[in-house]
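Here's the structure, in C-alpha cells; my notes come after.
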Amino acid sequence: MKETPLSNCERRFLLRAIEEKKRLDGRQTYDYRNIKISFGTDYGCCIVELGKTRVLGQVSCELVSPKLNRATEGILFFNLELSQMAAPAFEPGRQSDLLVKLNRLLERCLRNSKCIDTESLCVVAGEKVWQIRVDLHLLNHDGNIIDAASIAAIVALCHFRRPDVSVQGDEVTLYTPEERDPVPLSIHHMPICVSFAFFQQGTYLLVDPNEREERVMDGLLVIAMNKHREICTIQSSGGIMLLKDQVLRCSKIAGVKVLEITELIQKALENDQKVRKEGGKFGFAESIASQRITAFKMEKAPIDTSDVEEKAEEIIAEAEPPSEVVSNPVLWTPGTAQIGEGIENSWGDLEDSEKEEDDEDGTDEAIILDSIKMDTGVEVSNIGSQDAPIVLSDSEEEEMIILEPDKNPKKIRTQTISAKQEKAPSKKPVKKRKKKRAAN
Amino acid sequence: MDGAMLPDAKIRTESGTESGPRGPGCSLRHFACEQNLLSRPDGSASFLQGDTSVLAGVYGPAEVKVSKEIFNKATLEVILRPKIGLPGVAEKSRERLIRNTCEAVVLGTLHPRTSITVVLQVVSDAGSLLACCLNAACMALVDAGVPMRALFCGVTCALNSDGTLVLDPTAKQEKEARAILTFALDSVERKLLMSTTKGLYSDAEVPVWRWGEGQIPPGCEVLLGPCKVEGEPLPYVPSVCKRHFQT
C-alpha cells in the first residue's frame with residue numbers, strides 16, 4: 001500500500017507552526033515524548049514506546065565458530081525490521097533505503113562504539129564463541145524510529161542473560177537455567193541515539209520529531225552518546241549545512257537527554273529485576289490492566305487554553321464587519337447578468353499595463369511619475385541595505401506604495417506589482433540573513 | 001493477573017508464570033486482550049494466553065496491487081512475523097491456515113478489488129501459538145470494522161501419552177504431548193472452520209469431529225460464551241468481545 005502523500009496545505013501549516021515555536025502535540029522544542037519500557041517473560045525481551053512509536057526488541061544467542069581474523073571475539077548482530085504493521089508503506093521482504101540506513105546507524109551506534117565486551121563472549125579461542133543477535137521489530141511508526149530502536153536494543157542487551165558454560169579440557173558444557181543461573185552480558189556503557197530535526201535550512205530545530213514533523217523536515221542530525229558525554233556516532237543527513245555552534249549546541253542537548261533516558265532505563269531494569277527476584281508477576285500480561293480489555297485511549301496534550309475565549313472575542317471585535325452582499329443581479333445585455341460589486345475585471349492587467357499607460361498618458365502622467373519616483377526611492381534604499389545590517393521589512397515596502405494618492409487605485413496597483421517583481425530577487429537573500437540572525 | 005477478566009468462575013486462575021499444575025486439563029490459561037493500541041493500522045489487538053502473546057494489525061479495505069486484485073472480492077493477506085530471525089516455512093504454513101480461516105468468515109464480496117491485510121507479530125511464544133494468532137487476528141479484524149459473517153476463536157489441544165486431553169497447552173506440555181491439535185471455531189453456527197494436527201491419535205480419543213455438530217469442548221465455552229447487549233441476545237461471540245459490546 002502506498003504512503004498517503006502530505007498535502008501542501010498541511011505541509012505549510014506544520015512549517016508555520018514550527019516557525020511559531022509550536023508543536024502539534026503540545027511539546028516544547030527540546031521535549032521528548034513519553035518513554036515507556038516494558039519487559040517480557042523471557043530474558044532479553046522488551047517493548048519500548050516513544051510516544052506512539054513502538055519497538056519490540058529480542059536478544060538471542062548461539063554458539064558458533066568465530067571469524068577467522070577475530071578468533072577471540074564474540075559476534076554481535078543487529079537486525080531492525082520494518083514490519084508492515086508499523087506503517088502501510090513498509091512492504092515485507094524489501095530492503096528499503098530507510099531500512100539500510102537505520103540498520104547501519106544502529107550498528108555504528110552499538111557495535112562500533114564497543115559498548116559490549118566481545119572478548120568476554122569467547123568460549124574456546126578460535127573454535128567457539130557466542131553470537132549475540134538483536135532483533136528489533138518496529139510495531140508502530142510515529143517518527144523517530146532510530147531513537148526508539150537504539151533504546152530498545154540497549155535495554156534488551158542489558159536485560160539479556162546467556163546460559164552459563166564451562167570448559168574442561170576440550171569439553172564445553174552448556175548449563176540450562178535450572179542447573180546454573182544464566183549470566184548477563186558485560187556492558188561497558190550505554191550509547192543512546194538522540195535525533196534533531198532541522199527546518200528551513202537549519203533555522204529551526206526540534207528534538208524527537210514525530211512522523212508529521214519528519215515529513216516536512218529539511219535535515220536530520222543523529223547524535224549517539226553515553227551518559228559520560230562521550231559521542232559514539234554522529235550523523236547528519238538530508239543535505240543541510242550546519243554551523244559549528246549548532247552541532248555543539250545539539251551535542252549539549254543530547255548530553256542532557258541521554259542522562260535522563262539512561263536513568264529511566266536503569267530504573268526500569270532494577271524494577272524488573274526486583275519483581276523477578278521476589279517471584280512476583282512480570283511479563284507483558286502485567287502491563288495490560290483489567291479494564292483495558294478494549295480500551296480506546298486518547299492521550300491528552302497539555303495545551304494552555306485559559307485565555308483562548310478572550311482572544312477569540314478580541315479578534316472578532318477588532319475585525320471589520322463583513323461587507324454587505326449585493327444580491328440583485330445587474331443586467332448588462334439580455335442573456336447576461338452580473339452579481340457582485342460591479343468592479344471591472346482586473347485579470348491580465350499585468351500584461352496590458354504598458355498599453356494602458358500609453359493610452360492614458362495625458363491624464364495620469366503626474367501620478368505615474370510620482371509612483372515611479374517612489375518606487376525607485378524604495379529600490380535605492382533596498383540596494384543600499386543589502387550590505388548594511390538594517391533592512392526594510394516587506395510590510396514597510398508595501399505600506400510606502402499604498403500611501404500613494406488614491407485617485408486611480410487600479411493604476412497604482414499594477415505599478416506596485418511590476419515594482420515588486422523587479423525587487424523580488426534582491427529581497428530574498430536579505431530576508432534569509434535576517435532570519436538566521438534571529439535564530440542565533 | 002486479574003480474576004475479573006474471566007466471567008466464568010469455574011475457570012481456574014493461574015499466575016503469570018508457567019509453573020503450577022492446571023486442573024483437569026479442560027481449562028484455559030488466563031487470557032487478556034487489548035484493542036486499538038497501535039495508531040497506524042486501521043485495527044489492532046494484542047492477545048495474551050498465559051505467557052503467549054501475539055500482536056495483530058489490520059489494514060483494510062484498502063488499495064490493492066493490480067497483480068493481486070480479485071475482481072469480485074477482497075484480497076485477504078496474512079503476514080506472520082517471528083520474533084527471532086526471518087520468517088521461514090513454519091510461518092508460511094501458519095499464515096496459510098490463518099488466511100483460510102479468516103477467508104471463511106470475512107465478507108470479502110462487500111469490498112471487491114480491495115486488500116485486507118492482517119499482520120501478526122509474535123511477541124512471546126509459550127505454547128498454543130497458532131490459537132493465539134487466530135484469536136489476535138479475530139480481535140484485530142473486529143477493531144478494524146471489517147465486515148464478518150461470524151467471529152472465530154482458536155483452541156489448541158494436546159493429547160498426552162496416557163490419553164488425557166489438555167486444552168491450551170504450555171510450551172512444556174506441547175513438547176511432552178503425543179499429538180497437538182489446533183481448531184478454529186466460528187461463533188454463529190459453532191462449527192469447525194479449520195483444523196490442523198500434528199502427531200499420532202485416533203478418532204476415538206479425540207471427540208473433535210463431533211464439535212462440528214455444535215458441541216464445543218467444555219473449556220472453549222469461555223472463548224465462545226453467549227453474550228447479551230442491552231437484553232438482546234447476540235449470536236455467540238467470544239467472551240473477550242463481551243466488554244467491547246457492553247461498554
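Ordering of the C-alpha cells sets the chain letters (A, B, ...); residue numbers start at 1 within each chain; ligands are numbered from 1 in the order shown.
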Near-A:Thr176 list (12 Å; only C-alpha atoms; drop same-chain fewer than 2 positions) as a list of chain:residue names: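 Here the qualifying residues turn out to be A:Arg161, A:Arg162, A:Pro163, A:Asp164, A:Val165, A:Ser166, A:Thr173, A:Leu174, A:Glu178, A:Glu179, A:Arg180, A:Asp181, A:Pro182, A:Val183.
All residues of protein, DNA or RNA that reach within 7 Å of A:Gly143, judged by only C-alpha atoms and not counting those fewer than 4 positions away in the chain, are Thr53, Pro209, Asn210, Glu211 and Glu214 of chain A.
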Could you find all residues in stretch 119-253 of chain A that DSSP calls helix (DSSP H, G or I) from the backbone, and write them as a PyMOL selection string? chain A and resi 119-121+145-159+211-216+244-253
Could the residues in this selection be written to a file with C-alpha atoms, as a PDB file, in the first residue's frame?
```
ATOM      1  CA  GLU A 119      36.045 -10.779  24.211  1.00  0.00           C
ATOM      2  CA  SER A 120      34.010 -11.972  27.166  1.00  0.00           C
ATOM      3  CA  LEU A 121      31.805 -13.822  24.661  1.00  0.00           C
ATOM      4  CA  ILE A 145      12.487   5.197  14.752  1.00  0.00           C
ATOM      5  CA  ILE A 146      16.205   5.365  15.422  1.00  0.00           C
ATOM      6  CA  ASP A 147      15.920   6.709  18.971  1.00  0.00           C
ATOM      7  CA  ALA A 148      13.296   4.148  19.938  1.00  0.00           C
ATOM      8  CA  ALA A 149      15.274   1.346  18.284  1.00  0.00           C
ATOM      9  CA  SER A 150      18.540   2.295  19.955  1.00  0.00           C
ATOM     10  CA  ILE A 151      16.839   2.418  23.360  1.00  0.00           C
ATOM     11  CA  ALA A 152      15.142  -0.938  22.721  1.00  0.00           C
ATOM     12  CA  ALA A 153      18.435  -2.504  21.621  1.00  0.00           C
ATOM     13  CA  ILE A 154      20.425  -1.404  24.638  1.00  0.00           C
ATOM     14  CA  VAL A 155      17.598  -2.235  27.071  1.00  0.00           C
ATOM     15  CA  ALA A 156      17.239  -5.724  25.579  1.00  0.00           C
ATOM     16  CA  LEU A 157      21.007  -6.271  25.749  1.00  0.00           C
ATOM     17  CA  CYS A 158      21.096  -5.173  29.394  1.00  0.00           C
ATOM     18  CA  HIS A 159      18.151  -7.411  30.231  1.00  0.00           C
ATOM     19  CA  GLU A 211       6.112  11.335  11.925  1.00  0.00           C
ATOM     20  CA  ARG A 212       4.496  14.517  10.637  1.00  0.00           C
ATOM     21  CA  GLU A 213       7.475  16.645  11.559  1.00  0.00           C
ATOM     22  CA  GLU A 214       9.830  14.142   9.915  1.00  0.00           C
ATOM     23  CA  ARG A 215       7.911  14.523   6.697  1.00  0.00           C
ATOM     24  CA  VAL A 216       8.439  18.265   6.459  1.00  0.00           C
ATOM     25  CA  LYS A 244      29.808  24.517  14.218  1.00  0.00           C
ATOM     26  CA  ASP A 245      27.996  26.015  17.165  1.00  0.00           C
ATOM     27  CA  GLN A 246      24.718  24.421  16.035  1.00  0.00           C
ATOM     28  CA  VAL A 247      26.329  20.993  16.273  1.00  0.00           C
ATOM     29  CA  LEU A 248      27.876  21.867  19.611  1.00  0.00           C
ATOM     30  CA  ARG A 249      24.528  23.045  20.936  1.00  0.00           C
ATOM     31  CA  CYS A 250      22.909  19.809  19.779  1.00  0.00           C
ATOM     32  CA  SER A 251      25.575  17.743  21.499  1.00  0.00           C
ATOM     33  CA  LYS A 252      24.904  19.636  24.720  1.00  0.00           C
ATOM     34  CA  ILE A 253      21.176  18.922  24.467  1.00  0.00           C
TER      35      ILE A 253
END
```
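Across the model, the gap from atom CA of B:Asp168 to atom CA of B:Met148 is 25.4 Å.
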Residues within 9 Å of A:Glu107, only C-alpha atoms, excluding chain neighbours under 4 positions, as number ranges by chain: A: 77-79, 102-103, 111-113
Output of the above residues as a short mmCIF file (atom, residue, chain, number, x, y, z; two decimals), in the first residue's frame, restricted to N, CA and C atoms:
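The resulting out16.cif:
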```cif
data_model
loop_
_atom_site.label_atom_id
_atom_site.label_comp_id
_atom_site.auth_asym_id
_atom_site.auth_seq_id
_atom_site.Cartn_x
_atom_site.Cartn_y
_atom_site.Cartn_z
N PHE A 77 25.23 -9.12 16.24
CA PHE A 77 24.45 -8.97 15.01
C PHE A 77 23.18 -8.19 15.31
N PHE A 78 22.97 -7.16 14.53
CA PHE A 78 21.77 -6.34 14.73
C PHE A 78 20.85 -6.46 13.53
N ASN A 79 19.58 -6.54 13.77
CA ASN A 79 18.64 -6.61 12.67
C ASN A 79 17.36 -5.86 13.03
N LEU A 102 18.96 2.87 8.65
CA LEU A 102 18.71 2.69 10.09
C LEU A 102 19.56 1.56 10.64
N ASN A 103 19.66 0.46 9.90
CA ASN A 103 20.45 -0.68 10.38
C ASN A 103 21.92 -0.32 10.51
N ARG A 111 27.66 -1.42 17.87
CA ARG A 111 28.80 -2.33 17.71
C ARG A 111 30.11 -1.56 17.68
N ASN A 112 30.16 -0.53 16.84
CA ASN A 112 31.41 0.18 16.66
C ASN A 112 31.81 1.03 17.87
N SER A 113 30.86 1.28 18.76
CA SER A 113 31.23 2.03 19.96
C SER A 113 31.77 1.09 21.03
#
```
Distance of atom CA of A:Ser236 from atom CA of A:Asp97, expressed in Å to one decimal place: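 These two atoms are separated by 15.7 Å.
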Backbone-only DSSP, strand (DSSP E) members of stretch 59-123 of chain A, as a ChimeraX atom specification: /A:59-64,75-82,122-123
Could you jot down the atom CA of A:Ala224 to atom CA of B:Lys83 separation for me, Å, one decimal place? 26.1 Å
Nearby residues (only C-alpha atoms) at most 8 Å from stretch 49-65 of chain B, same-chain spacing under 4 positions excluded, as a VMD selection string: (chain A and resid 1 41 85 88 283 to 285) or (chain B and resid 16 to 18 29 to 32 38 41 to 45 69 74 to 75 111 113 to 129 132 to 133 136 to 137 140 to 141 144 146)
Measuring atom to atom with only C-alpha atoms, identify which of B:Gln35, B:Asn100, B:Asn135, B:Gln173 is nearest to B:Val78.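 So, comparing all the options, the nearest one is B:Asn100.
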